[in-house]
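**Student:** You'll find final_1.txt just under this line, and it carries compact mmCIF, C-alpha atoms.
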```txt
# COMPACT_ATOMS: atom_id res chain seq x y z
CA MET A 1 6.46 27.97 -1.23
CA THR A 2 4.81 27.82 2.21
CA ARG A 3 5.85 25.52 5.03
CA LYS A 4 2.54 23.70 4.63
CA SER A 5 3.26 23.02 0.95
CA ILE A 6 6.73 21.73 1.76
CA ALA A 7 5.30 19.46 4.47
CA LEU A 8 2.77 18.04 2.01
CA ILE A 9 5.45 17.35 -0.58
CA VAL A 10 7.64 15.62 1.99
CA ALA A 11 4.68 13.56 3.25
CA ILE A 12 3.79 12.41 -0.27
CA VAL A 13 7.40 11.51 -1.12
CA VAL A 14 7.88 9.57 2.12
CA CYS A 15 4.60 7.71 1.63
CA LEU A 16 5.45 6.92 -2.00
CA VAL A 17 8.82 5.47 -1.05
CA PHE A 18 7.31 3.44 1.79
CA THR A 19 4.38 2.14 -0.25
CA GLN A 20 6.56 1.24 -3.21
CA ALA A 21 8.70 -0.85 -0.84
CA VAL A 22 5.60 -2.58 0.54
CA PHE A 23 4.34 -3.03 -3.01
CA ALA A 24 7.57 -4.74 -4.04
CA GLU A 25 7.51 -7.10 -1.06
CA ALA A 26 3.81 -7.92 -0.83
CA THR A 27 2.79 -8.33 -4.45
CA GLN A 28 2.15 -11.75 -5.89
CA TYR A 29 2.74 -10.28 -9.33
CA PRO A 30 5.94 -9.06 -11.02
CA THR A 31 6.92 -5.51 -10.07
CA GLU A 32 6.72 -4.46 -13.69
CA PHE A 33 5.07 -1.23 -14.81
CA LYS A 34 3.12 -0.92 -18.04
CA GLN A 35 1.98 2.18 -19.88
CA LEU A 36 -1.77 2.38 -20.45
CA ASP A 37 -2.44 2.82 -24.16
CA TYR A 38 -5.48 5.05 -23.70
CA GLU A 39 -6.02 5.43 -27.44
CA ALA A 40 -6.62 1.71 -27.97
CA GLU A 41 -10.19 0.77 -28.87
CA SER A 42 -9.99 -2.54 -27.00
CA TYR A 43 -7.54 -4.52 -24.91
CA SER A 44 -6.31 -8.08 -24.56
CA LEU A 45 -7.33 -10.18 -21.59
CA SER A 46 -3.88 -9.82 -20.02
CA ASP A 47 -4.07 -6.03 -20.30
CA ALA A 48 -7.61 -6.03 -18.91
CA PHE A 49 -6.46 -8.03 -15.87
CA TRP A 50 -3.44 -5.75 -15.46
CA PHE A 51 -5.05 -2.31 -15.74
CA ASN A 52 -8.62 -2.78 -14.54
CA PRO A 53 -7.88 -2.91 -10.76
CA THR A 54 -6.09 0.44 -10.90
CA ILE A 55 -8.79 1.99 -13.09
CA TYR A 56 -11.43 0.83 -10.61
CA ALA A 57 -9.42 2.17 -7.66
CA VAL A 58 -9.10 5.58 -9.33
CA ASP A 59 -12.88 5.72 -9.79
CA MET A 60 -13.56 4.69 -6.20
CA LEU A 61 -11.02 7.02 -4.60
CA SER A 62 -12.01 9.99 -6.76
CA PHE A 63 -15.64 9.47 -5.79
CA LEU A 64 -14.97 9.03 -2.08
CA GLN A 65 -12.82 12.14 -1.93
CA ALA A 66 -15.49 14.21 -3.70
CA TYR A 67 -18.12 12.86 -1.31
CA LEU A 68 -16.26 12.78 2.00
CA LYS A 69 -13.56 15.46 1.71
CA PRO A 70 -14.35 17.71 -1.28
CA GLU A 71 -12.25 20.58 0.06
CA SER A 72 -9.24 18.49 1.13
CA PRO A 73 -8.13 16.13 -1.64
CA VAL A 74 -4.49 15.74 -0.65
CA GLU A 75 -5.38 15.18 2.99
CA TYR A 76 -7.93 12.53 2.08
CA PHE A 77 -5.69 10.65 -0.34
CA LEU A 78 -2.73 10.60 2.04
CA ALA A 79 -4.96 9.19 4.78
CA ALA A 80 -6.40 6.62 2.35
CA SER A 81 -2.91 5.48 1.38
CA GLN A 82 -2.48 4.23 4.96
CA TYR A 83 -5.85 2.49 5.31
CA THR A 84 -5.97 -1.05 6.61
CA ASP A 85 -7.68 -3.74 4.54
CA GLU A 86 -10.71 -3.46 6.82
CA GLN A 87 -10.92 0.31 6.38
CA ILE A 88 -10.80 -0.09 2.60
CA GLU A 89 -13.73 -2.50 2.77
CA GLU A 90 -15.66 0.03 4.87
CA GLU A 91 -15.01 2.78 2.34
CA PHE A 92 -16.03 0.42 -0.44
CA VAL A 93 -19.49 0.01 1.11
CA ILE A 94 -20.01 3.78 0.84
CA PHE A 95 -18.92 3.79 -2.81
CA GLN A 96 -21.01 0.75 -3.67
CA ALA A 97 -24.10 2.19 -1.97
CA PHE A 98 -24.07 4.94 -4.60
CA THR A 99 -22.92 2.99 -7.65
CA GLU A 100 -24.25 -0.56 -7.17
CA PRO A 101 -26.59 -0.57 -4.16
CA GLU A 102 -28.06 -3.93 -5.16
CA TYR A 103 -24.70 -5.61 -4.49
CA VAL A 104 -23.92 -4.10 -1.08
CA GLY A 105 -23.10 -6.91 1.32
CA PHE A 106 -22.80 -9.51 -1.42
CA VAL A 107 -19.49 -8.67 -3.14
CA ASN A 108 -16.43 -7.25 -1.37
CA PHE A 109 -13.83 -4.79 -2.62
CA VAL A 110 -11.25 -7.42 -3.57
CA TYR A 111 -13.53 -9.20 -6.01
CA THR A 112 -15.01 -6.01 -7.46
CA CYS A 113 -11.63 -4.41 -7.96
CA ASP A 114 -9.84 -7.50 -9.29
CA VAL A 115 -12.11 -9.29 -11.73
CA GLU A 116 -9.56 -12.06 -12.22
CA SER A 117 -9.72 -12.98 -8.53
CA TYR A 118 -13.51 -12.94 -8.63
CA ALA A 119 -13.61 -15.14 -11.72
CA GLN A 120 -11.24 -17.61 -10.09
CA SER A 121 -13.41 -17.77 -6.98
CA LEU A 122 -16.41 -18.68 -9.15
CA GLY A 123 -14.55 -21.02 -11.45
CA TYR A 124 -15.32 -18.76 -14.41
CA VAL A 125 -12.85 -18.80 -17.29
CA PHE A 126 -12.43 -15.78 -19.56
CA ASP A 127 -11.87 -16.24 -23.28
CA PRO A 128 -8.29 -15.05 -23.93
CA GLU A 129 -9.08 -14.57 -27.61
CA LEU A 130 -11.71 -11.90 -26.99
CA SER A 131 -11.01 -8.17 -26.68
CA TYR A 132 -12.12 -6.13 -23.68
CA SER A 133 -12.89 -2.52 -22.78
CA PHE A 134 -12.83 -0.71 -19.42
CA SER A 135 -15.88 0.59 -17.57
CA ASN A 136 -14.25 3.69 -16.10
CA MET A 137 -16.95 5.99 -14.71
CA PHE A 138 -15.46 9.36 -13.84
CA GLU A 139 -12.17 9.84 -15.70
CA GLU A 140 -11.00 9.43 -19.26
CA LEU A 141 -8.36 6.77 -19.78
CA SER A 142 -5.95 9.53 -20.83
CA ASP A 143 -6.47 11.10 -17.39
CA ILE A 144 -5.67 7.81 -15.68
CA ALA A 145 -2.49 7.49 -17.73
CA ALA A 146 -1.51 11.00 -16.60
CA ILE A 147 -2.02 10.06 -12.96
CA PHE A 148 0.52 7.25 -13.45
CA PRO A 149 3.18 8.87 -15.66
CA ARG A 150 5.71 6.08 -15.05
CA GLY A 151 3.22 3.34 -15.80
CA ILE A 152 0.83 1.11 -13.87
CA GLY A 153 1.99 -1.86 -11.82
CA ARG A 154 -0.07 -4.78 -10.68
CA THR A 155 -0.48 -6.08 -7.15
CA ASP A 156 -3.30 -7.28 -4.91
CA ALA A 157 -6.45 -5.18 -4.65
CA TYR A 158 -5.70 -3.57 -1.27
CA ASN A 159 -2.20 -2.44 -2.24
CA THR A 160 -3.58 -1.22 -5.56
CA PHE A 161 -5.98 1.00 -3.59
CA ARG A 162 -3.20 2.37 -1.37
CA ARG A 163 -0.78 2.99 -4.24
CA THR A 164 -3.52 4.70 -6.27
CA ALA A 165 -4.30 6.96 -3.32
CA LEU A 166 -0.69 8.16 -3.27
CA HIS A 167 -0.69 8.93 -6.97
CA LEU A 168 -3.92 10.86 -6.59
CA ALA A 169 -2.41 12.81 -3.68
CA TRP A 170 0.46 13.80 -5.96
CA TYR A 171 -1.90 14.70 -8.81
CA ALA A 172 -4.23 16.74 -6.57
CA ARG A 173 -1.29 18.62 -5.10
CA GLU A 174 -0.06 19.48 -8.60
CA TYR A 175 -3.41 20.39 -10.17
CA GLY A 176 -5.74 21.16 -7.26
CA LYS A 177 -8.18 18.33 -7.91
CA THR A 178 -8.47 14.97 -9.61
CA PRO A 179 -9.54 14.72 -13.28
CA GLY A 180 -12.81 13.08 -12.23
CA PHE A 181 -13.73 15.46 -9.40
CA ASP A 182 -16.36 17.42 -11.31
CA ALA A 183 -17.96 14.29 -12.76
CA CYS A 184 -18.02 12.71 -9.29
CA SER A 185 -19.63 15.81 -7.77
CA GLN A 186 -22.30 15.91 -10.47
CA PHE A 187 -23.02 12.21 -9.98
CA ILE A 188 -23.29 12.65 -6.19
CA ASP A 189 -25.67 15.60 -6.58
CA TYR A 190 -27.82 13.62 -9.02
CA ILE A 191 -28.06 10.54 -6.78
CA ILE A 192 -28.85 12.58 -3.65
CA SER A 193 -31.46 14.58 -5.57
CA TYR A 194 -33.00 11.36 -6.87
CA TYR A 195 -33.33 9.84 -3.41
CA GLU A 196 -34.71 13.07 -1.97
CA GLN A 197 -37.35 13.05 -4.68
CA GLN A 198 -38.18 9.42 -3.94
CA PHE A 199 -38.50 10.24 -0.24
CA GLU A 200 -40.78 13.21 -0.88
CA GLU A 201 -43.00 11.16 -3.19
CA ALA A 202 -43.20 8.38 -0.61
CA MET A 203 -44.13 10.86 2.12
CA ALA A 204 -46.79 12.44 -0.10
CA ALA A 205 -48.23 9.02 -0.92
CA GLU A 206 -48.33 8.11 2.77
CA ALA A 207 -50.03 11.38 3.62
CA ALA A 208 -52.65 10.77 0.92
CA VAL A 209 -53.40 7.30 2.29
CA MET A 210 -53.72 8.63 5.83
CA MET A 211 -56.13 11.32 4.66
CA GLU A 212 -58.27 8.73 2.90
CA MET A 213 -58.34 6.68 6.09
CA ASP A 214 -59.14 9.87 8.02
CA ILE A 215 -56.26 9.32 10.41
```
Would you mind writing the file's structure down as structure tokens?
**Tutor:**
Amino acid sequence: MTRKSIALIVAIVVCLVFTQAVFAEATQYPTEFKQLDYEAESYSLSDAFWFNPTIYAVDMLSFLQAYLKPESPVEYFLAASQYTDEQIEEEFVIFQAFTEPEYVGFVNFVYTCDVESYAQSLGYVFDPELSYSFSNMFEELSDIAAIFPRGIGRTDAYNTFRRTALHLAWYAREYGKTPGFDACSQFIDYIISYYEQQFEEAMAAEAAVMMEMDI
């Protein structure tokens, strides 16, 4: 094992211990951890509220790493685990610009990550008798369960982001990349290709108009 590998392990362990302490002090929720039953076809409202913020954070972080630091997953996730609330919101704008561009500037990370908080802000009441499913984009639910082998806790959206980043740092160090890395990369390539095509078509249309006007 190289000195660099040892340093990375130590950094992850130290950050995990520190973040877990912050998690225990800052959370408005119980510091309980639940196992994600990834084989379930649907989930209760309480489970949806509990697991969805972490599932969303995994999607967002996996995407951002593939887009911003594709060659350095552990480095990116360790840095992300120390982001301020403001930095998380800035990263969220990048993610949202690719996934939901129509909502950029209208909905922040907190409300998108934690649907319960968003519903409360609007006065919307979910039906507790209904069953719910998760809209995970880049990973299977079994992959998310593997990223959190001891279970998933619940806290506020920002600490969920930071805690998820640490777990992804551990996973990437163990396996070289996140489970959703390839799907994220393919999605990024598709979106960039789509916008390049739109740009080229717009330029061609403009050129045609200018020719007709003899400019």
**Student:** Could you please determine the separation between atom CA of Ala146 of chain A and atom CA of Glu39 of chain A in Å, to one decimal place?
**Tutor:**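 Separation between atom CA of Ala146 of chain A and atom CA of Glu39 of chain A: 13.0 Å.
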**Student:** As an exercise, work out the distance from atom CA of Lys34 of chain A to atom CA of Phe95 of chain A in Å and give it to one decimal place.
**Tutor:**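 Atom CA of Lys34 of chain A sits 27.2 Å away from atom CA of Phe95 of chain A.
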**Student:** Which residues are close to segment 164-174 of chain A, i.e. within 7 Å by all atoms listed in the file, leaving aside same-chain residues fewer than 4 positions away? Reply as a ChimeraX atom specification.
**Tutor:** /A:12,16,54,57-58,61,73-74,77-78,80-81,147-148,160,178
**Student:** Near Leu141 of chain A, within 8 Å and counting all atoms listed in the file, which residues show up once chain neighbours fewer than 5 positions away are dropped, as a list in words?
**Tutor:**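 Contacts, with the query itself left out: Leu36, Tyr38 and Asn136 of chain A.
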**Student:** Mind giving me the straight-line distance from atom CA of Ser42 of chain A to atom CA of Phe109 of chain A in Å, one decimal?
**Tutor:**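 Computing the Euclidean distance for atom CA of Ser42 of chain A and atom CA of Phe109 of chain A yields 24.8 Å.
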**Student:** Nearest to Gly151 of chain A: which of A:Ala40, A:Phe51, A:Ile88, A:Ser135 is it, counting all atoms listed in the file?
**Tutor:**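 Checking each of A:Ala40, A:Phe51, A:Ile88, A:Ser135 against Gly151 of chain A, counting all atoms listed in the file, the winner is A:Phe51.
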**Student:** May I have the protein, DNA and RNA residues with an atom at most 12 Å from (-18.1, -4.6, -23.0), counting only C-alpha atoms in the file's coordinates, returned as a list in words?
**Tutor:**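 Residues found, by chain and rising number: Glu41, Ser42, Tyr43, Ala48, Leu130, Ser131, Tyr132, Ser133, Phe134, Ser135 and Asn136 of chain A.
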**Student:** Would you please work out which residue, of A:Ala79, A:Tyr67, A:Tyr118, A:Ala157, is nearest to Ile192 of chain A when using all atoms listed in the file?
**Tutor:**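 Among the listed residues, A:Tyr67 lies closest to Ile192 of chain A.
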